[in-house]
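Engineer: Contents are mmCIF, C-alpha atoms; file name input.cif:
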```cif
data_query
#
loop_
_atom_site.label_atom_id
_atom_site.label_comp_id
_atom_site.auth_asym_id
_atom_site.auth_seq_id
_atom_site.Cartn_x
_atom_site.Cartn_y
_atom_site.Cartn_z
CA ASN S 1 -6.62 -5.75 17.24
CA GLY S 2 -10.06 -4.38 16.48
CA SER S 3 -9.14 -0.75 17.12
CA GLY S 4 -10.30 0.55 13.74
CA LYS S 5 -7.03 0.65 11.77
CA THR S 6 -8.37 -1.01 8.64
CA THR S 7 -11.66 0.89 8.78
CA THR S 8 -9.77 4.19 9.06
CA MET S 9 -7.61 3.31 6.06
CA ARG S 10 -10.64 2.28 4.03
CA LEU S 11 -12.28 5.60 4.87
CA ILE S 12 -9.21 7.60 3.83
CA THR S 13 -8.96 5.72 0.52
CA SER S 14 -12.70 6.17 -0.25
CA TYR S 15 -13.24 2.42 -0.10
CA TYR S 16 -15.77 3.19 2.66
CA THR S 17 -17.95 6.28 2.96
CA PRO S 18 -18.09 7.86 6.42
CA ASP S 19 -21.44 7.96 8.23
CA ALA S 20 -20.60 11.43 9.49
CA GLY S 21 -17.82 13.98 9.16
CA ARG S 22 -15.39 14.67 6.36
CA ILE S 23 -11.97 13.36 5.37
CA TYR S 24 -9.57 15.57 3.46
CA VAL S 25 -6.47 14.44 1.61
CA GLU S 26 -4.20 17.34 0.72
CA GLY S 27 -7.22 19.66 0.89
CA ALA S 28 -9.49 17.50 -1.27
CA ASP S 29 -12.65 15.97 0.21
CA THR S 30 -12.60 12.17 -0.20
CA GLN S 31 -16.35 12.12 -0.85
CA GLU S 32 -16.70 15.06 -3.20
CA ASP S 33 -13.35 14.61 -4.98
CA ASP S 34 -12.78 10.87 -4.65
CA THR S 35 -11.08 10.54 -8.06
CA VAL S 36 -8.67 13.33 -7.09
CA THR S 37 -7.89 11.82 -3.70
CA ARG S 38 -7.56 8.30 -5.11
CA ALA S 39 -5.01 9.60 -7.61
CA ARG S 40 -2.91 10.94 -4.72
CA ILE S 41 -3.01 7.71 -2.73
CA GLY S 42 -1.40 4.33 -3.27
CA TYR S 43 -3.11 1.59 -1.27
CA LEU S 44 -2.06 -1.91 -0.29
CA PRO S 45 -4.94 -3.57 1.58
CA GLU S 46 -4.26 -6.26 4.15
CA ASN S 47 -5.53 -9.06 1.90
CA ASN S 48 -3.45 -7.84 -1.11
CA PRO S 49 -5.96 -8.78 -3.82
CA LEU S 50 -3.90 -9.96 -6.78
CA TYR S 51 -4.99 -11.76 -9.92
CA THR S 52 -3.03 -14.94 -9.39
CA ASP S 53 -3.71 -16.22 -12.91
CA MET S 54 -1.72 -13.30 -14.36
CA LEU S 55 2.00 -12.80 -14.67
CA ALA S 56 3.35 -10.03 -12.44
CA SER S 57 4.09 -8.04 -15.62
CA GLU S 58 0.52 -8.46 -16.89
CA TYR S 59 -0.93 -7.44 -13.56
CA LEU S 60 1.12 -4.25 -13.27
CA ASN S 61 0.35 -3.28 -16.86
CA PHE S 62 -3.34 -3.95 -16.18
CA VAL S 63 -3.28 -1.69 -13.11
CA ALA S 64 -1.48 1.01 -15.10
CA GLU S 65 -4.16 0.77 -17.77
CA LEU S 66 -6.89 1.10 -15.12
CA ARG S 67 -5.11 4.20 -13.85
CA GLY S 68 -5.36 5.69 -17.34
CA MET S 69 -1.65 5.82 -18.10
CA SER S 70 -0.45 6.28 -21.66
CA SER S 71 1.76 3.54 -23.14
CA ALA S 72 4.92 5.57 -22.55
CA GLN S 73 3.91 6.50 -19.01
CA ARG S 74 2.97 2.87 -18.33
CA ARG S 75 6.35 1.55 -19.49
CA ALA S 76 8.23 4.17 -17.46
CA ASN S 77 6.19 3.78 -14.29
CA VAL S 78 6.16 -0.01 -14.38
CA ALA S 79 9.94 -0.02 -14.81
CA LEU S 80 10.36 2.39 -11.88
CA ALA S 81 8.04 0.40 -9.62
CA VAL S 82 9.67 -2.92 -10.51
CA ASP S 83 13.07 -1.48 -9.71
CA GLU S 84 11.92 0.25 -6.52
CA VAL S 85 10.35 -2.88 -5.00
CA GLY S 86 12.90 -5.35 -6.37
CA ILE S 87 10.77 -7.74 -8.42
CA ALA S 88 12.73 -7.83 -11.70
CA GLU S 89 13.59 -11.51 -11.22
CA VAL S 90 9.91 -12.51 -10.91
CA PHE S 91 8.41 -9.93 -13.29
CA TYR S 92 7.53 -12.54 -15.94
CA ARG S 93 6.38 -15.25 -13.54
CA PRO S 94 2.79 -16.14 -12.67
CA ILE S 95 1.68 -14.48 -9.44
CA ALA S 96 0.32 -17.85 -8.27
CA GLU S 97 3.90 -19.19 -8.19
CA LEU S 98 5.35 -16.30 -6.16
CA SER S 99 6.21 -16.49 -2.47
CA LYS S 100 4.18 -14.42 -0.02
CA GLY S 101 7.06 -11.93 0.15
CA TYR S 102 7.14 -11.43 -3.61
CA ARG S 103 3.35 -11.16 -3.70
CA GLN S 104 3.61 -8.35 -1.16
CA ARG S 105 6.21 -6.67 -3.36
CA VAL S 106 3.90 -6.95 -6.39
CA GLY S 107 1.15 -5.40 -4.26
CA LEU S 108 3.51 -2.59 -3.27
CA ALA S 109 4.46 -2.10 -6.91
CA GLN S 110 0.82 -1.61 -7.91
CA ALA S 111 0.35 0.81 -5.00
CA ILE S 112 3.25 3.04 -6.13
CA LEU S 113 2.75 2.59 -9.87
CA HIS S 114 1.10 5.98 -10.35
CA ARG S 115 3.75 7.73 -8.20
CA PRO S 116 1.40 8.78 -5.38
CA ASP S 117 2.38 11.26 -2.68
CA ILE S 118 0.71 9.10 -0.03
CA LEU S 119 1.11 5.37 0.43
CA ILE S 120 -1.32 3.53 2.72
CA LEU S 121 -0.24 0.05 3.80
CA ASP S 122 -2.53 -2.14 5.88
CA GLU S 123 -0.60 -4.85 7.74
CA PRO S 124 2.00 -5.24 4.95
CA THR S 125 4.14 -7.76 6.85
CA GLU S 126 1.29 -9.98 8.04
CA GLY S 127 1.92 -13.65 7.27
CA LEU S 128 5.53 -13.15 6.23
CA ASP S 129 8.40 -15.16 7.67
CA PRO S 130 10.99 -13.24 9.77
CA ASN S 131 13.41 -12.72 6.86
CA GLN S 132 10.63 -11.48 4.57
CA ARG S 133 9.43 -9.11 7.33
CA VAL S 134 12.85 -7.48 7.54
CA THR S 135 13.05 -7.11 3.76
CA ILE S 136 9.57 -5.58 3.50
CA ARG S 137 10.26 -3.28 6.49
CA ASP S 138 13.42 -2.01 4.78
CA LEU S 139 11.51 -1.53 1.55
CA ILE S 140 8.76 0.44 3.33
CA LYS S 141 11.37 2.63 5.01
CA SER S 142 12.96 3.39 1.62
CA LEU S 143 9.55 4.15 0.07
CA GLY S 144 8.97 6.65 2.87
CA ALA S 145 11.94 8.72 1.72
CA ASP S 146 9.93 10.04 -1.25
CA ARG S 147 6.37 10.03 0.05
CA THR S 148 4.21 9.90 3.15
CA VAL S 149 3.61 6.31 4.26
CA LEU S 150 0.73 5.45 6.55
CA LEU S 151 1.36 1.98 7.92
CA SER S 152 -0.97 -0.03 10.13
CA THR S 153 0.25 -2.85 12.29
CA HIS S 154 -0.61 -4.43 15.58
CA VAL S 155 2.94 -5.81 15.87
CA LEU S 156 4.79 -3.15 17.86
CA GLN S 157 8.19 -4.67 16.97
CA GLU S 158 7.51 -3.53 13.38
CA VAL S 159 7.17 0.11 14.39
CA GLU S 160 10.60 1.21 15.60
CA PRO S 161 12.67 0.04 12.61
CA THR S 162 10.08 1.32 10.12
CA CYS S 163 8.42 4.48 11.40
CA ASP S 164 9.34 8.03 12.36
CA ARG S 165 6.01 8.87 13.94
CA VAL S 166 3.52 6.69 15.79
CA VAL S 167 -0.21 7.07 16.30
CA LEU S 168 -1.89 4.63 18.69
CA ILE S 169 -5.60 3.92 18.41
CA ASN S 170 -7.56 2.15 21.13
CA ARG S 171 -11.24 1.31 20.59
CA GLY S 172 -11.47 3.79 17.75
CA ARG S 173 -9.96 6.66 19.73
CA LEU S 174 -6.59 8.33 19.30
CA VAL S 175 -4.58 7.71 22.48
CA ALA S 176 -1.06 8.72 21.40
CA ASP S 177 0.59 10.68 18.59
CA ASP S 178 4.35 11.20 18.85
CA THR S 179 7.75 10.28 17.48
CA VAL S 180 8.98 6.74 18.02
#
```
Can I see the file as structure tokens?
Structural biologist:
Amino acid sequence: NGSGKTTTMRLITSYYTPDAGRIYVEGADTQEDDTVTRARIGYLPENNPLYTDMLASEYLNFVAELRGMSSAQRRANVALAVDEVGIAEVFYRPIAELSKGYRQRVGLAQAILHRPDILILDEPTEGLDPNQRVTIRDLIKSLGADRTVLLSTHVLQEVEPTCDRVVLINRGRLVADDTV
């Protein structure tokens, strides 16, 4: 707790601007080319800000529109994301009525909607019950087959079944970087 995980993720995603130094995502500077780097990254923040007055379908179509997708691209990408995260059964339900687990899945769907190469997930299993944690862990593992997933957690039991590589940060400093 308090090591700088969320701050680091917000810096990588251009949500925050660094006081010093540079951050590069696939060779692009996050400050100079923030639209380019944002297009390459899918981001699920810890608080998963959803519009709870919308249906899941409305929300994902709204996000696709914000990302500048054409109608055809929107339909295709929404369908892929819905299938990939397993939310077909709640797609036409209000987000306010969804369980925490399904809300996380809707958040994951918006993060992968534009088919990013990099997926950044900040505490994606926080607040979930044990069964939901396992389901989301499995989903994250499957998402990592097609893209790089950067996952933050302070729950070390989440790491082994989910990750291939581990980076430990203590007081803002890198203290370990190795395989599980």
Engineer: Please write as a ChimeraX atom specification the full residue list that the PyMOL selection byres ((chain S and resi 58) around 12) yields on this file.
Structural biologist: /S:50-57,59-65,74-75,78,90-95,106,110
Engineer: Evaluated on this file, the PyMOL selection byres ((chain S and resi 146) around 10) picks out some residues - which ones are they, written as a count of residues only?
Structural biologist: 12
Engineer: Measuring between all atoms listed in the file, which one of S:Ala111, S:Ala81, S:Val175, S:Met9 shows the shortest distance to Ile23 of chain S?
Structural biologist: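 Closest to Ile23 of chain S of all the choices is S:Met9.
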Engineer: Expanded to explicit residues, what is the PyMOL selection byres ((chain S and resi 168) around 10) for this file, as a list in words?
Structural biologist: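 That selection, the PyMOL selection byres ((chain S and resi 168) around 10), comes back as Ser3, Lys5, Ser152, His154, Val166, Val167, Ile169, Asn170, Gly172, Arg173, Leu174, Val175, Ala176, Asp177 and Asp178 of chain S.
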Engineer: Output C-alpha atoms for every residue in the selection just made, as a compact mmCIF listing (two decimals), keeping the file's coordinate frame.
Structural biologist:
```txt
# COMPACT_ATOMS: atom_id res chain seq x y z
CA SER S 3 -9.14 -0.75 17.12
CA LYS S 5 -7.03 0.65 11.77
CA SER S 152 -0.97 -0.03 10.13
CA HIS S 154 -0.61 -4.43 15.58
CA VAL S 166 3.52 6.69 15.79
CA VAL S 167 -0.21 7.07 16.30
CA ILE S 169 -5.60 3.92 18.41
CA ASN S 170 -7.56 2.15 21.13
CA GLY S 172 -11.47 3.79 17.75
CA ARG S 173 -9.96 6.66 19.73
CA LEU S 174 -6.59 8.33 19.30
CA VAL S 175 -4.58 7.71 22.48
CA ALA S 176 -1.06 8.72 21.40
CA ASP S 177 0.59 10.68 18.59
CA ASP S 178 4.35 11.20 18.85
```
Engineer: Counting all atoms listed in the file, which residue out of S:Ile120, S:Val180, S:Leu80, S:Ile136 sits closest to Leu11 of chain S?
Structural biologist: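 Looking only at the distances to Leu11 of chain S, the closest residue turns out to be S:Ile120.
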Engineer: Taking N, CA and C atoms as the atom set, what does segment 83-103 of chain S look like once completed, written as a tab-separated table (two decimals), keeping the file's coordinate frame?
Structural biologist:
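Produced file selection.tsv, reproduced below:
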```
chain	number	residue	atom	x	y	z
S	83	ASP	N	11.75	-1.73	-10.26
S	83	ASP	CA	13.07	-1.48	-9.71
S	83	ASP	C	12.98	-1.11	-8.22
S	84	GLU	N	12.03	-0.25	-7.89
S	84	GLU	CA	11.92	0.25	-6.52
S	84	GLU	C	11.58	-0.86	-5.53
S	85	VAL	N	10.73	-1.82	-5.93
S	85	VAL	CA	10.35	-2.88	-5.00
S	85	VAL	C	11.15	-4.17	-5.19
S	86	GLY	N	12.01	-4.20	-6.20
S	86	GLY	CA	12.90	-5.35	-6.37
S	86	GLY	C	12.24	-6.62	-6.85
S	87	ILE	N	11.44	-6.54	-7.91
S	87	ILE	CA	10.77	-7.74	-8.42
S	87	ILE	C	11.18	-8.10	-9.85
S	88	ALA	N	12.30	-7.56	-10.31
S	88	ALA	CA	12.73	-7.83	-11.70
S	88	ALA	C	12.86	-9.33	-11.96
S	89	GLU	N	13.36	-10.08	-10.99
S	89	GLU	CA	13.59	-11.51	-11.22
S	89	GLU	C	12.31	-12.34	-11.30
S	90	VAL	N	11.17	-11.77	-10.84
S	90	VAL	CA	9.91	-12.51	-10.91
S	90	VAL	C	8.88	-11.80	-11.80
S	91	PHE	N	9.31	-10.78	-12.50
S	91	PHE	CA	8.41	-9.93	-13.29
S	91	PHE	C	7.61	-10.73	-14.33
S	92	TYR	N	8.21	-11.75	-14.91
S	92	TYR	CA	7.53	-12.54	-15.94
S	92	TYR	C	7.05	-13.89	-15.42
S	93	ARG	N	6.88	-14.01	-14.13
S	93	ARG	CA	6.38	-15.25	-13.54
S	93	ARG	C	4.92	-15.10	-13.14
S	94	PRO	N	4.18	-16.20	-13.14
S	94	PRO	CA	2.79	-16.14	-12.67
S	94	PRO	C	2.74	-15.76	-11.18
S	95	ILE	N	1.82	-14.90	-10.83
S	95	ILE	CA	1.68	-14.48	-9.44
S	95	ILE	C	1.40	-15.68	-8.55
S	96	ALA	N	0.65	-16.65	-9.05
S	96	ALA	CA	0.32	-17.85	-8.27
S	96	ALA	C	1.56	-18.60	-7.80
S	97	GLU	N	2.67	-18.47	-8.54
S	97	GLU	CA	3.90	-19.19	-8.19
S	97	GLU	C	4.83	-18.39	-7.27
S	98	LEU	N	4.47	-17.15	-6.97
S	98	LEU	CA	5.35	-16.30	-6.16
S	98	LEU	C	5.19	-16.58	-4.67
S	99	SER	N	6.27	-16.38	-3.93
S	99	SER	CA	6.21	-16.49	-2.47
S	99	SER	C	5.36	-15.35	-1.92
S	100	LYS	N	4.96	-15.47	-0.68
S	100	LYS	CA	4.18	-14.42	-0.02
S	100	LYS	C	4.94	-13.10	-0.05
S	101	GLY	N	6.24	-13.15	0.17
S	101	GLY	CA	7.06	-11.93	0.15
S	101	GLY	C	7.04	-11.24	-1.20
S	102	TYR	N	7.18	-12.02	-2.27
S	102	TYR	CA	7.14	-11.43	-3.61
S	102	TYR	C	5.73	-10.95	-3.96
S	103	ARG	N	4.72	-11.63	-3.47
S	103	ARG	CA	3.35	-11.16	-3.70
S	103	ARG	C	3.14	-9.80	-3.04
```
